[in-house]
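**Q** start_31.pdb (PDB, C-alpha atoms, pLDDT in the B column) pasted underneath:
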```pdb
ATOM      1  CA  MET C   1       0.000   0.000   0.000  1.00 69.00           C
ATOM      2  CA  ALA C   2       1.936   2.970  -1.323  1.00 90.00           C
ATOM      3  CA  ILE C   3       2.033   6.233   0.602  1.00 96.00           C
ATOM      4  CA  GLN C   4       1.056   9.361  -1.321  1.00 98.00           C
ATOM      5  CA  HIS C   5       1.591  13.040  -0.546  1.00 98.00           C
ATOM      6  CA  PHE C   6      -0.185  16.280  -1.327  1.00 98.00           C
ATOM      7  CA  SER C   7       0.349  19.892  -0.326  1.00 98.00           C
ATOM      8  CA  SER C   8      -2.116  21.246   2.219  1.00 98.00           C
ATOM      9  CA  ASP C   9      -1.631  24.994   2.540  1.00 97.00           C
ATOM     10  CA  GLY C  10       2.068  24.476   1.850  1.00 97.00           C
ATOM     11  CA  VAL C  11       2.572  21.512   4.219  1.00 98.00           C
ATOM     12  CA  GLN C  12       3.213  18.058   2.790  1.00 98.00           C
ATOM     13  CA  ILE C  13       0.625  15.589   4.099  1.00 98.00           C
ATOM     14  CA  ALA C  14       1.174  11.854   3.714  1.00 98.00           C
ATOM     15  CA  PHE C  15      -1.765   9.519   3.258  1.00 98.00           C
ATOM     16  CA  LEU C  16      -2.810   6.011   2.294  1.00 98.00           C
ATOM     17  CA  ASP C  17      -5.688   5.481  -0.131  1.00 98.00           C
ATOM     18  CA  SER C  18      -6.662   1.835  -0.447  1.00 98.00           C
ATOM     19  CA  GLY C  19      -9.718  -0.283  -1.167  1.00 97.00           C
ATOM     20  CA  GLU C  20     -12.987   0.332  -2.965  1.00 96.00           C
ATOM     21  CA  GLY C  21     -16.431   1.422  -1.871  1.00 97.00           C
ATOM     22  CA  GLU C  22     -17.698   4.252   0.279  1.00 98.00           C
ATOM     23  CA  PRO C  23     -14.774   6.221   1.702  1.00 98.00           C
ATOM     24  CA  ILE C  24     -13.798   6.612   5.338  1.00 98.00           C
ATOM     25  CA  LEU C  25     -11.091   8.984   6.540  1.00 99.00           C
ATOM     26  CA  LEU C  26      -9.001   7.818   9.508  1.00 99.00           C
ATOM     27  CA  ILE C  27      -7.131  10.297  11.745  1.00 98.00           C
ATOM     28  CA  HIS C  28      -4.630   8.840  14.225  1.00 98.00           C
ATOM     29  CA  GLY C  29      -3.707   9.810  17.773  1.00 95.00           C
ATOM     30  CA  PHE C  30      -0.894  11.915  19.180  1.00 94.00           C
ATOM     31  CA  ALA C  31       2.685  10.665  18.586  1.00 92.00           C
ATOM     32  CA  SER C  32       1.353   7.878  16.361  1.00 94.00           C
ATOM     33  CA  ASN C  33       0.879   7.582  12.592  1.00 96.00           C
ATOM     34  CA  HIS C  34      -1.507   5.850  10.219  1.00 97.00           C
ATOM     35  CA  VAL C  35       0.531   2.615  10.178  1.00 97.00           C
ATOM     36  CA  VAL C  36       0.715   2.210  13.964  1.00 95.00           C
ATOM     37  CA  ASN C  37      -2.808   3.402  14.751  1.00 97.00           C
ATOM     38  CA  TRP C  38      -4.737   1.834  11.883  1.00 98.00           C
ATOM     39  CA  GLY C  39      -2.550  -0.650  10.005  1.00 97.00           C
ATOM     40  CA  ALA C  40      -0.928  -2.676  12.779  1.00 97.00           C
ATOM     41  CA  THR C  41      -4.203  -2.827  14.733  1.00 98.00           C
ATOM     42  CA  GLY C  42      -6.200  -4.391  11.881  1.00 98.00           C
ATOM     43  CA  TRP C  43      -8.518  -1.457  11.193  1.00 98.00           C
ATOM     44  CA  ILE C  44      -7.502  -0.939   7.573  1.00 98.00           C
ATOM     45  CA  ASP C  45      -7.830  -4.598   6.620  1.00 98.00           C
ATOM     46  CA  ASN C  46     -11.151  -5.023   8.416  1.00 98.00           C
ATOM     47  CA  LEU C  47     -12.648  -1.884   6.907  1.00 98.00           C
ATOM     48  CA  LYS C  48     -11.578  -2.952   3.424  1.00 98.00           C
ATOM     49  CA  ARG C  49     -13.117  -6.386   3.973  1.00 98.00           C
ATOM     50  CA  ALA C  50     -16.312  -4.580   4.945  1.00 98.00           C
ATOM     51  CA  GLY C  51     -16.305  -2.932   1.512  1.00 98.00           C
ATOM     52  CA  ARG C  52     -14.849   0.423   2.402  1.00 98.00           C
ATOM     53  CA  ARG C  53     -12.346   2.663   0.655  1.00 98.00           C
ATOM     54  CA  VAL C  54      -9.877   3.599   3.403  1.00 98.00           C
ATOM     55  CA  VAL C  55      -8.054   6.934   3.425  1.00 98.00           C
ATOM     56  CA  ALA C  56      -5.669   7.231   6.372  1.00 98.00           C
ATOM     57  CA  MET C  57      -3.620  10.388   6.842  1.00 98.00           C
ATOM     58  CA  ASP C  58      -0.531  11.249   8.848  1.00 98.00           C
ATOM     59  CA  VAL C  59      -1.342  14.403  10.815  1.00 98.00           C
ATOM     60  CA  ARG C  60       1.180  17.198  10.211  1.00 98.00           C
ATOM     61  CA  GLY C  61       4.108  16.789  12.605  1.00 97.00           C
ATOM     62  CA  HIS C  62       3.653  12.995  12.530  1.00 97.00           C
ATOM     63  CA  GLY C  63       4.653  10.024  10.404  1.00 96.00           C
ATOM     64  CA  ALA C  64       5.690  10.898   6.862  1.00 97.00           C
ATOM     65  CA  SER C  65       3.965  14.302   6.864  1.00 98.00           C
ATOM     66  CA  GLY C  66       5.744  17.643   7.128  1.00 98.00           C
ATOM     67  CA  LYS C  67       7.405  18.484  10.455  1.00 97.00           C
ATOM     68  CA  LEU C  68       7.192  22.045  11.700  1.00 97.00           C
ATOM     69  CA  HIS C  69       8.599  23.212  15.024  1.00 96.00           C
ATOM     70  CA  GLU C  70       6.418  26.306  15.460  1.00 96.00           C
ATOM     71  CA  PRO C  71       3.394  25.660  17.715  1.00 96.00           C
ATOM     72  CA  GLU C  72       1.310  28.111  15.681  1.00 96.00           C
ATOM     73  CA  ALA C  73       1.277  25.553  12.845  1.00 97.00           C
ATOM     74  CA  TYR C  74      -0.697  23.043  14.922  1.00 97.00           C
ATOM     75  CA  TYR C  75      -3.867  24.758  16.018  1.00 97.00           C
ATOM     76  CA  LEU C  76      -6.891  22.515  15.537  1.00 96.00           C
ATOM     77  CA  ARG C  77      -8.190  24.657  12.708  1.00 96.00           C
ATOM     78  CA  HIS C  78      -5.017  23.856  10.728  1.00 97.00           C
ATOM     79  CA  LEU C  79      -5.169  20.125  11.482  1.00 98.00           C
ATOM     80  CA  ALA C  80      -8.844  19.973  10.531  1.00 98.00           C
ATOM     81  CA  ARG C  81      -8.129  22.035   7.413  1.00 98.00           C
ATOM     82  CA  ASP C  82      -5.540  19.436   6.343  1.00 98.00           C
ATOM     83  CA  ALA C  83      -8.223  16.756   6.602  1.00 98.00           C
ATOM     84  CA  ALA C  84     -10.697  18.890   4.658  1.00 98.00           C
ATOM     85  CA  ASN C  85      -8.080  19.596   1.999  1.00 98.00           C
ATOM     86  CA  LEU C  86      -7.374  15.878   1.654  1.00 98.00           C
ATOM     87  CA  ILE C  87     -11.079  15.177   1.139  1.00 98.00           C
ATOM     88  CA  ASP C  88     -11.089  17.803  -1.609  1.00 98.00           C
ATOM     89  CA  HIS C  89      -7.782  16.587  -3.081  1.00 98.00           C
ATOM     90  CA  LEU C  90      -9.293  13.121  -3.580  1.00 98.00           C
ATOM     91  CA  ASP C  91     -12.665  14.559  -4.645  1.00 98.00           C
ATOM     92  CA  LEU C  92     -14.443  12.430  -2.034  1.00 98.00           C
ATOM     93  CA  GLY C  93     -17.408  14.713  -1.404  1.00 97.00           C
ATOM     94  CA  ARG C  94     -18.839  13.705   1.987  1.00 97.00           C
ATOM     95  CA  VAL C  95     -17.075  10.963   3.925  1.00 98.00           C
ATOM     96  CA  ASP C  96     -17.346   9.015   7.129  1.00 98.00           C
ATOM     97  CA  VAL C  97     -14.616  10.237   9.503  1.00 99.00           C
ATOM     98  CA  MET C  98     -13.026   8.398  12.400  1.00 98.00           C
ATOM     99  CA  GLY C  99     -10.396   9.709  14.793  1.00 98.00           C
ATOM    100  CA  TYR C 100      -8.732   8.244  17.848  1.00 98.00           C
ATOM    101  CA  SER C 101      -7.661  10.363  20.852  1.00 96.00           C
ATOM    102  CA  MET C 102      -6.109  13.522  19.329  1.00 96.00           C
ATOM    103  CA  GLY C 103      -7.531  12.305  16.032  1.00 98.00           C
ATOM    104  CA  GLY C 104     -10.992  12.260  17.617  1.00 98.00           C
ATOM    105  CA  ARG C 105     -10.502  15.881  18.613  1.00 97.00           C
ATOM    106  CA  ILE C 106      -9.484  16.761  15.033  1.00 98.00           C
ATOM    107  CA  ALA C 107     -12.388  14.761  13.591  1.00 98.00           C
ATOM    108  CA  ALA C 108     -14.904  16.522  15.829  1.00 98.00           C
ATOM    109  CA  PHE C 109     -13.471  19.927  14.919  1.00 98.00           C
ATOM    110  CA  LEU C 110     -13.601  18.970  11.215  1.00 98.00           C
ATOM    111  CA  THR C 111     -17.266  18.013  11.574  1.00 98.00           C
ATOM    112  CA  ILE C 112     -18.113  21.350  13.177  1.00 98.00           C
ATOM    113  CA  GLU C 113     -16.005  23.559  10.887  1.00 97.00           C
ATOM    114  CA  HIS C 114     -16.628  21.672   7.621  1.00 97.00           C
ATOM    115  CA  PRO C 115     -20.011  19.941   8.058  1.00 97.00           C
ATOM    116  CA  GLU C 116     -20.510  19.628   4.303  1.00 98.00           C
ATOM    117  CA  LYS C 117     -17.614  17.150   4.143  1.00 98.00           C
ATOM    118  CA  VAL C 118     -18.642  14.741   6.930  1.00 98.00           C
ATOM    119  CA  ARG C 119     -21.285  12.044   6.597  1.00 98.00           C
ATOM    120  CA  SER C 120     -20.800  10.392  10.001  1.00 98.00           C
ATOM    121  CA  LEU C 121     -18.334  10.677  12.879  1.00 98.00           C
ATOM    122  CA  ILE C 122     -16.619   8.105  15.084  1.00 99.00           C
ATOM    123  CA  ILE C 123     -14.798   9.537  18.106  1.00 98.00           C
ATOM    124  CA  GLY C 124     -12.516   6.929  19.676  1.00 98.00           C
ATOM    125  CA  GLY C 125     -10.506   7.315  22.871  1.00 98.00           C
ATOM    126  CA  MET C 126     -11.993  10.726  23.660  1.00 98.00           C
ATOM    127  CA  GLY C 127     -14.794  11.420  26.111  1.00 98.00           C
ATOM    128  CA  MET C 128     -15.228  14.525  28.248  1.00 98.00           C
ATOM    129  CA  ALA C 129     -11.548  15.349  27.761  1.00 97.00           C
ATOM    130  CA  LEU C 130     -12.798  16.848  24.501  1.00 98.00           C
ATOM    131  CA  VAL C 131     -14.604  19.474  26.618  1.00 98.00           C
ATOM    132  CA  ASP C 132     -12.600  19.618  29.849  1.00 96.00           C
ATOM    133  CA  GLY C 133      -9.102  19.004  28.489  1.00 93.00           C
ATOM    134  CA  MET C 134      -6.565  16.387  29.574  1.00 88.00           C
ATOM    135  CA  GLU C 135      -4.243  16.369  32.551  1.00 82.00           C
ATOM    136  CA  GLY C 136      -0.481  16.041  32.332  1.00 85.00           C
ATOM    137  CA  GLU C 137      -0.004  17.760  28.990  1.00 87.00           C
ATOM    138  CA  ASP C 138       2.680  20.151  30.289  1.00 91.00           C
ATOM    139  CA  GLU C 139       4.566  17.142  31.606  1.00 93.00           C
ATOM    140  CA  ILE C 140       4.405  15.520  28.174  1.00 93.00           C
ATOM    141  CA  VAL C 141       5.722  18.681  26.499  1.00 94.00           C
ATOM    142  CA  ALA C 142       8.618  18.849  28.964  1.00 95.00           C
ATOM    143  CA  ALA C 143       9.481  15.189  28.383  1.00 96.00           C
ATOM    144  CA  LEU C 144       9.438  15.625  24.616  1.00 95.00           C
ATOM    145  CA  GLU C 145      11.685  18.677  24.881  1.00 94.00           C
ATOM    146  CA  ALA C 146      14.119  16.962  27.275  1.00 95.00           C
ATOM    147  CA  PRO C 147      17.592  16.237  25.843  1.00 94.00           C
ATOM    148  CA  SER C 148      17.051  12.465  26.144  1.00 94.00           C
ATOM    149  CA  LEU C 149      14.614   9.818  27.344  1.00 94.00           C
ATOM    150  CA  GLU C 150      16.717   9.367  30.460  1.00 93.00           C
ATOM    151  CA  ALA C 151      16.308  13.062  31.259  1.00 94.00           C
ATOM    152  CA  ALA C 152      12.520  13.011  30.801  1.00 94.00           C
ATOM    153  CA  MET C 153      10.529  13.398  34.010  1.00 89.00           C
ATOM    154  CA  GLY C 154       7.181  11.947  35.033  1.00 85.00           C
ATOM    155  CA  GLY C 155       5.518   8.659  34.223  1.00 86.00           C
ATOM    156  CA  ALA C 156       3.192   9.885  31.489  1.00 84.00           C
ATOM    157  CA  GLY C 157       5.849  12.152  30.018  1.00 90.00           C
ATOM    158  CA  ARG C 158       8.422   9.380  29.841  1.00 92.00           C
ATOM    159  CA  ALA C 159       5.859   6.994  28.342  1.00 89.00           C
ATOM    160  CA  TYR C 160       5.049   9.410  25.513  1.00 90.00           C
ATOM    161  CA  ARG C 161       8.748  10.180  24.938  1.00 93.00           C
ATOM    162  CA  LYS C 162       9.502   6.450  24.731  1.00 93.00           C
ATOM    163  CA  PHE C 163       6.595   5.857  22.343  1.00 90.00           C
ATOM    164  CA  ALA C 164       7.700   8.796  20.193  1.00 91.00           C
ATOM    165  CA  GLU C 165      11.211   7.395  19.913  1.00 92.00           C
ATOM    166  CA  GLN C 166       9.887   3.909  19.135  1.00 89.00           C
ATOM    167  CA  THR C 167       7.851   5.302  16.230  1.00 86.00           C
ATOM    168  CA  GLY C 168      10.797   7.350  14.935  1.00 89.00           C
ATOM    169  CA  SER C 169       8.977  10.627  15.557  1.00 94.00           C
ATOM    170  CA  ASP C 170      10.354  14.154  15.552  1.00 96.00           C
ATOM    171  CA  VAL C 171      10.081  14.957  19.263  1.00 95.00           C
ATOM    172  CA  LYS C 172      10.438  18.715  18.744  1.00 95.00           C
ATOM    173  CA  ALA C 173       7.535  18.700  16.304  1.00 97.00           C
ATOM    174  CA  LEU C 174       5.445  16.631  18.716  1.00 96.00           C
ATOM    175  CA  ALA C 175       6.176  19.058  21.550  1.00 96.00           C
ATOM    176  CA  ALA C 176       4.954  21.883  19.328  1.00 96.00           C
ATOM    177  CA  VAL C 177       1.802  19.885  18.538  1.00 96.00           C
ATOM    178  CA  MET C 178       1.077  19.238  22.219  1.00 94.00           C
ATOM    179  CA  ARG C 179       1.484  22.901  23.111  1.00 93.00           C
ATOM    180  CA  VAL C 180      -1.549  23.977  21.056  1.00 92.00           C
ATOM    181  CA  ALA C 181      -3.494  20.971  19.700  1.00 88.00           C
ATOM    182  CA  ARG C 182      -5.050  20.390  23.113  1.00 88.00           C
ATOM    183  CA  GLU C 183      -7.808  22.883  22.361  1.00 93.00           C
ATOM    184  CA  THR C 184     -11.205  21.942  23.734  1.00 96.00           C
ATOM    185  CA  LEU C 185     -14.696  22.241  22.280  1.00 97.00           C
ATOM    186  CA  ALA C 186     -17.579  23.889  24.095  1.00 97.00           C
ATOM    187  CA  PRO C 187     -20.885  22.028  24.590  1.00 97.00           C
ATOM    188  CA  GLU C 188     -22.646  24.566  22.346  1.00 97.00           C
ATOM    189  CA  GLN C 189     -20.185  23.728  19.556  1.00 97.00           C
ATOM    190  CA  LEU C 190     -20.783  20.003  19.976  1.00 98.00           C
ATOM    191  CA  ALA C 191     -24.531  20.622  19.815  1.00 97.00           C
ATOM    192  CA  LEU C 192     -24.045  21.787  16.219  1.00 96.00           C
ATOM    193  CA  ILE C 193     -23.009  18.289  15.087  1.00 98.00           C
ATOM    194  CA  ASP C 194     -25.824  16.979  12.910  1.00 97.00           C
ATOM    195  CA  VAL C 195     -24.567  13.615  11.641  1.00 98.00           C
ATOM    196  CA  PRO C 196     -24.627  10.108  13.140  1.00 98.00           C
ATOM    197  CA  VAL C 197     -21.976   9.885  15.883  1.00 98.00           C
ATOM    198  CA  LEU C 198     -20.389   6.938  17.687  1.00 98.00           C
ATOM    199  CA  ILE C 199     -18.293   7.620  20.804  1.00 98.00           C
ATOM    200  CA  ALA C 200     -16.098   4.692  21.875  1.00 98.00           C
ATOM    201  CA  VAL C 201     -13.862   4.701  24.958  1.00 98.00           C
ATOM    202  CA  GLY C 202     -12.156   1.906  26.869  1.00 98.00           C
ATOM    203  CA  GLU C 203     -13.705   0.855  30.180  1.00 98.00           C
ATOM    204  CA  ARG C 204     -10.328   1.372  31.896  1.00 97.00           C
ATOM    205  CA  ASP C 205      -9.327   4.511  30.008  1.00 96.00           C
ATOM    206  CA  GLN C 206      -8.021   7.037  32.562  1.00 93.00           C
ATOM    207  CA  ILE C 207      -7.259   9.707  29.927  1.00 91.00           C
ATOM    208  CA  ALA C 208     -10.345  10.165  27.764  1.00 96.00           C
ATOM    209  CA  GLY C 209     -12.940  11.191  30.331  1.00 97.00           C
ATOM    210  CA  SER C 210     -16.558  10.047  30.406  1.00 98.00           C
ATOM    211  CA  PRO C 211     -17.977   9.030  27.001  1.00 98.00           C
ATOM    212  CA  GLU C 212     -21.513   8.987  28.408  1.00 98.00           C
ATOM    213  CA  GLU C 213     -21.258  12.609  29.550  1.00 98.00           C
ATOM    214  CA  LEU C 214     -19.814  13.667  26.204  1.00 98.00           C
ATOM    215  CA  GLY C 215     -22.727  11.926  24.521  1.00 98.00           C
ATOM    216  CA  THR C 216     -25.195  14.181  26.316  1.00 98.00           C
ATOM    217  CA  PHE C 217     -23.805  17.155  24.385  1.00 98.00           C
ATOM    218  CA  ILE C 218     -23.968  15.554  20.920  1.00 98.00           C
ATOM    219  CA  PRO C 219     -27.559  15.033  19.761  1.00 93.00           C
ATOM    220  CA  GLY C 220     -28.426  11.445  18.882  1.00 94.00           C
ATOM    221  CA  SER C 221     -24.932  10.088  19.526  1.00 98.00           C
ATOM    222  CA  LYS C 222     -24.310   6.460  20.439  1.00 98.00           C
ATOM    223  CA  VAL C 223     -21.850   5.466  23.171  1.00 98.00           C
ATOM    224  CA  HIS C 224     -19.857   2.246  23.209  1.00 98.00           C
ATOM    225  CA  VAL C 225     -17.729   1.340  26.236  1.00 98.00           C
ATOM    226  CA  ILE C 226     -14.944  -1.028  25.177  1.00 98.00           C
ATOM    227  CA  PRO C 227     -14.767  -3.761  27.827  1.00 97.00           C
ATOM    228  CA  ARG C 228     -11.575  -4.188  29.874  1.00 97.00           C
ATOM    229  CA  ARG C 229      -9.472  -1.833  27.727  1.00 98.00           C
ATOM    230  CA  ASP C 230      -7.378   1.202  28.624  1.00 96.00           C
ATOM    231  CA  HIS C 231      -6.456   4.106  26.338  1.00 94.00           C
ATOM    232  CA  MET C 232      -3.677   2.267  24.512  1.00 92.00           C
ATOM    233  CA  LEU C 233      -5.153  -1.225  24.257  1.00 95.00           C
ATOM    234  CA  ALA C 234      -8.556  -0.053  23.052  1.00 97.00           C
ATOM    235  CA  THR C 235      -7.225   0.822  19.597  1.00 97.00           C
ATOM    236  CA  ALA C 236      -6.842  -2.818  18.536  1.00 97.00           C
ATOM    237  CA  ASP C 237      -9.893  -4.208  20.328  1.00 98.00           C
ATOM    238  CA  ARG C 238     -11.938  -6.478  18.065  1.00 97.00           C
ATOM    239  CA  SER C 239     -15.264  -5.525  19.635  1.00 97.00           C
ATOM    240  CA  PHE C 240     -14.469  -1.857  18.939  1.00 98.00           C
ATOM    241  CA  ILE C 241     -13.744  -2.624  15.286  1.00 98.00           C
ATOM    242  CA  ALA C 242     -16.945  -4.675  14.987  1.00 98.00           C
ATOM    243  CA  GLU C 243     -19.007  -1.930  16.649  1.00 98.00           C
ATOM    244  CA  ALA C 244     -17.621   0.695  14.283  1.00 98.00           C
ATOM    245  CA  ILE C 245     -18.299  -1.420  11.196  1.00 98.00           C
ATOM    246  CA  ASP C 246     -21.878  -2.083  12.374  1.00 98.00           C
ATOM    247  CA  PHE C 247     -22.339   1.659  13.014  1.00 98.00           C
ATOM    248  CA  LEU C 248     -21.121   2.522   9.519  1.00 98.00           C
ATOM    249  CA  ALA C 249     -23.385  -0.082   7.931  1.00 97.00           C
ATOM    250  CA  ALA C 250     -26.443   1.224   9.799  1.00 97.00           C
ATOM    251  CA  ARG C 251     -25.964   4.957   9.311  1.00 94.00           C
ATOM    252  CA  PRO C 252     -28.265   6.589   6.709  1.00 90.00           C
TER     253      PRO C 252
END
```
Could you show the structure in this file as structure tokens?
**A**
Amino acid sequence: MAIQHFSSDGVQIAFLDSGEGEPILLIHGFASNHVVNWGATGWIDNLKRAGRRVVAMDVRGHGASGKLHEPEAYYLRHLARDAANLIDHLDLGRVDVMGYSMGGRIAAFLTIEHPEKVRSLIIGGMGMALVDGMEGEDEIVAALEAPSLEAAMGGAGRAYRKFAEQTGSDVKALAAVMRVARETLAPEQLALIDVPVLIAVGERDQIAGSPEELGTFIPGSKVHVIPRRDHMLATADRSFIAEAIDFLAARP
């Protein structure tokens, strides 16, 4: 599956476009990329078997996309604009969109800012943190900016620094992302979402916040709690994949 690139407002964005059928755009989580988040976990193969055309992007600052070290380049409006530009670049019209963790934040922002491009929305690994924010983000920034993994402080910070190094990421770019891409959405913004929505969060996820509470702000949304999974393990959970495929098949 060959990686392609296009220019989104002057930034090179890498993406995979594979399969046939109705398209779905996948947006990965922080410090990850489309291979780790969607390929290695079985999402791409399962979605293609379900008859879907899968478009999976690397968010700017991640994977094979352009790396910028200025935080101003990573506001949510820019990340969502990249996704919207990719939809236009491929002439997809309206698509189903799924994001995990940071990708869920981007996907929700895309749905609000560019509603004409989104047919349905799956928010994975993101509950009330979408509204209230996440804890420990300053610690993660400090760990990513530390001179080495050994110098990184804090459990969460060290974990993200280790993961970033394992995925061959640009830690300075990721620190810039974390400084600004943690923007939250107000309940009145979420109330504007007018497409079918699935919210899926692991039962043991200590990062995402309550999916049920988030669901109260998004009209008609469906909530799926992924049994016995935390934030990291939920991504590859088979029941999560099955729930998402059923949701996509049932949406109008």
**Q** Which one of C:Ala56, C:Ala107, C:Leu26, C:Ala142 sits closest to Ala2 (chain C) if you count only C-alpha atoms?
**A** C:Ala56
**Q** Just the number, please: distance in Å from CA of Ile122 (chain C) to CA of Ile199 (chain C), one decimal.
**A**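 Value for the CA of Ile122 (chain C)-CA of Ile199 (chain C) distance: 6.0 Å.
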**Q** CA of Ala40 (chain C) and CA of Ala73 (chain C) are how many Å apart?
**A**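 According to the coordinates, CA of Ala40 (chain C) and CA of Ala73 (chain C) are separated by 28.3 Å.
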**Q** Which residue, C:Val177, C:Leu190, C:Val171, C:Val195, has the smallest gap to Pro147 (chain C) when you use all atoms listed in the file?
**A**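 Selected residue with least distance to Pro147 (chain C): C:Val171.
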**Q** Need the shell around Met178 (chain C): protein/DNA/RNA residues with any atom at most 8 Å away, counting all atoms listed in the file. Skip same-chain ones fewer than 5 positions apart. Format as a VMD selection string?
**A** chain C and resid 137 140 to 141
**Q** Under the rule that all atoms listed in the file are counted, which of C:Ala191, C:Ala129, C:Gln166, C:Arg53 is the nearest residue to Ser210 (chain C)?
**A**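 Once distances to Ser210 (chain C) are computed over all atoms listed in the file, the minimum belongs to C:Ala129.
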**Q** Counting all atoms listed in the file, which of C:His231, C:Arg238, C:His28, C:Arg161 gets nearest to Leu174 (chain C)?
**A**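 Looking at the shortest contact to Leu174 (chain C), the residue is C:Arg161.
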**Q** Apply the PyMOL selection byres ((chain C and resi 123) around 8) to the displayed file and report the matching residues as an MDAnalysis selection string.
**A** chainID C and resid 98:101 104:105 107:108 121:122 124:126 197:200
**Q** Expressed in Å to a single decimal, how great is the separation between CA of Leu144 (chain C) and CA of Gly157 (chain C)?
**A** 7.4 Å
**Q** At a cut-off of 12 Å, using all atoms listed in the file, what residues contact Ala249 (chain C)? Leave out same-chain residues fewer than 3 positions from it and give the result as an MDAnalysis selection string.
**A** chainID C and resid 22 24 47 50:52 96 120 196 242:246 252
**Q** Residues near Gly93 (chain C), anyone? I mean within 12 Å using only C-alpha atoms, not counting same-chain ones fewer than 6 positions away, as an MDAnalysis selection string.
**A** chainID C and resid 22:25 84:87 114:119
**Q** Quick one: residues within 8 Å of Ser32 (chain C), all atoms listed in the file, excluding same-chain residues fewer than 4 positions away - as a PyMOL selection string?
**A** chain C and resi 28+36-37+62-63+164+167
**Q** Go through the shown structure with the PyMOL selection byres ((chain C and resi 211) around 7) and write out the matching residues as an NGL selection string.
**A** :C and (127-128 or 199-201 or 209-210 or 212-215 or 223)
**Q** Keeping only C-alpha atoms, write the selected residues as a CSV table (one decimal), in the coordinates of the input.
**A**
```
chain,number,residue,atom,x,y,z
C,127,GLY,CA,-14.8,11.4,26.1
C,128,MET,CA,-15.2,14.5,28.2
C,199,ILE,CA,-18.3,7.6,20.8
C,200,ALA,CA,-16.1,4.7,21.9
C,201,VAL,CA,-13.9,4.7,25.0
C,209,GLY,CA,-12.9,11.2,30.3
C,210,SER,CA,-16.6,10.0,30.4
C,212,GLU,CA,-21.5,9.0,28.4
C,213,GLU,CA,-21.3,12.6,29.6
C,214,LEU,CA,-19.8,13.7,26.2
C,215,GLY,CA,-22.7,11.9,24.5
C,223,VAL,CA,-21.8,5.5,23.2
```
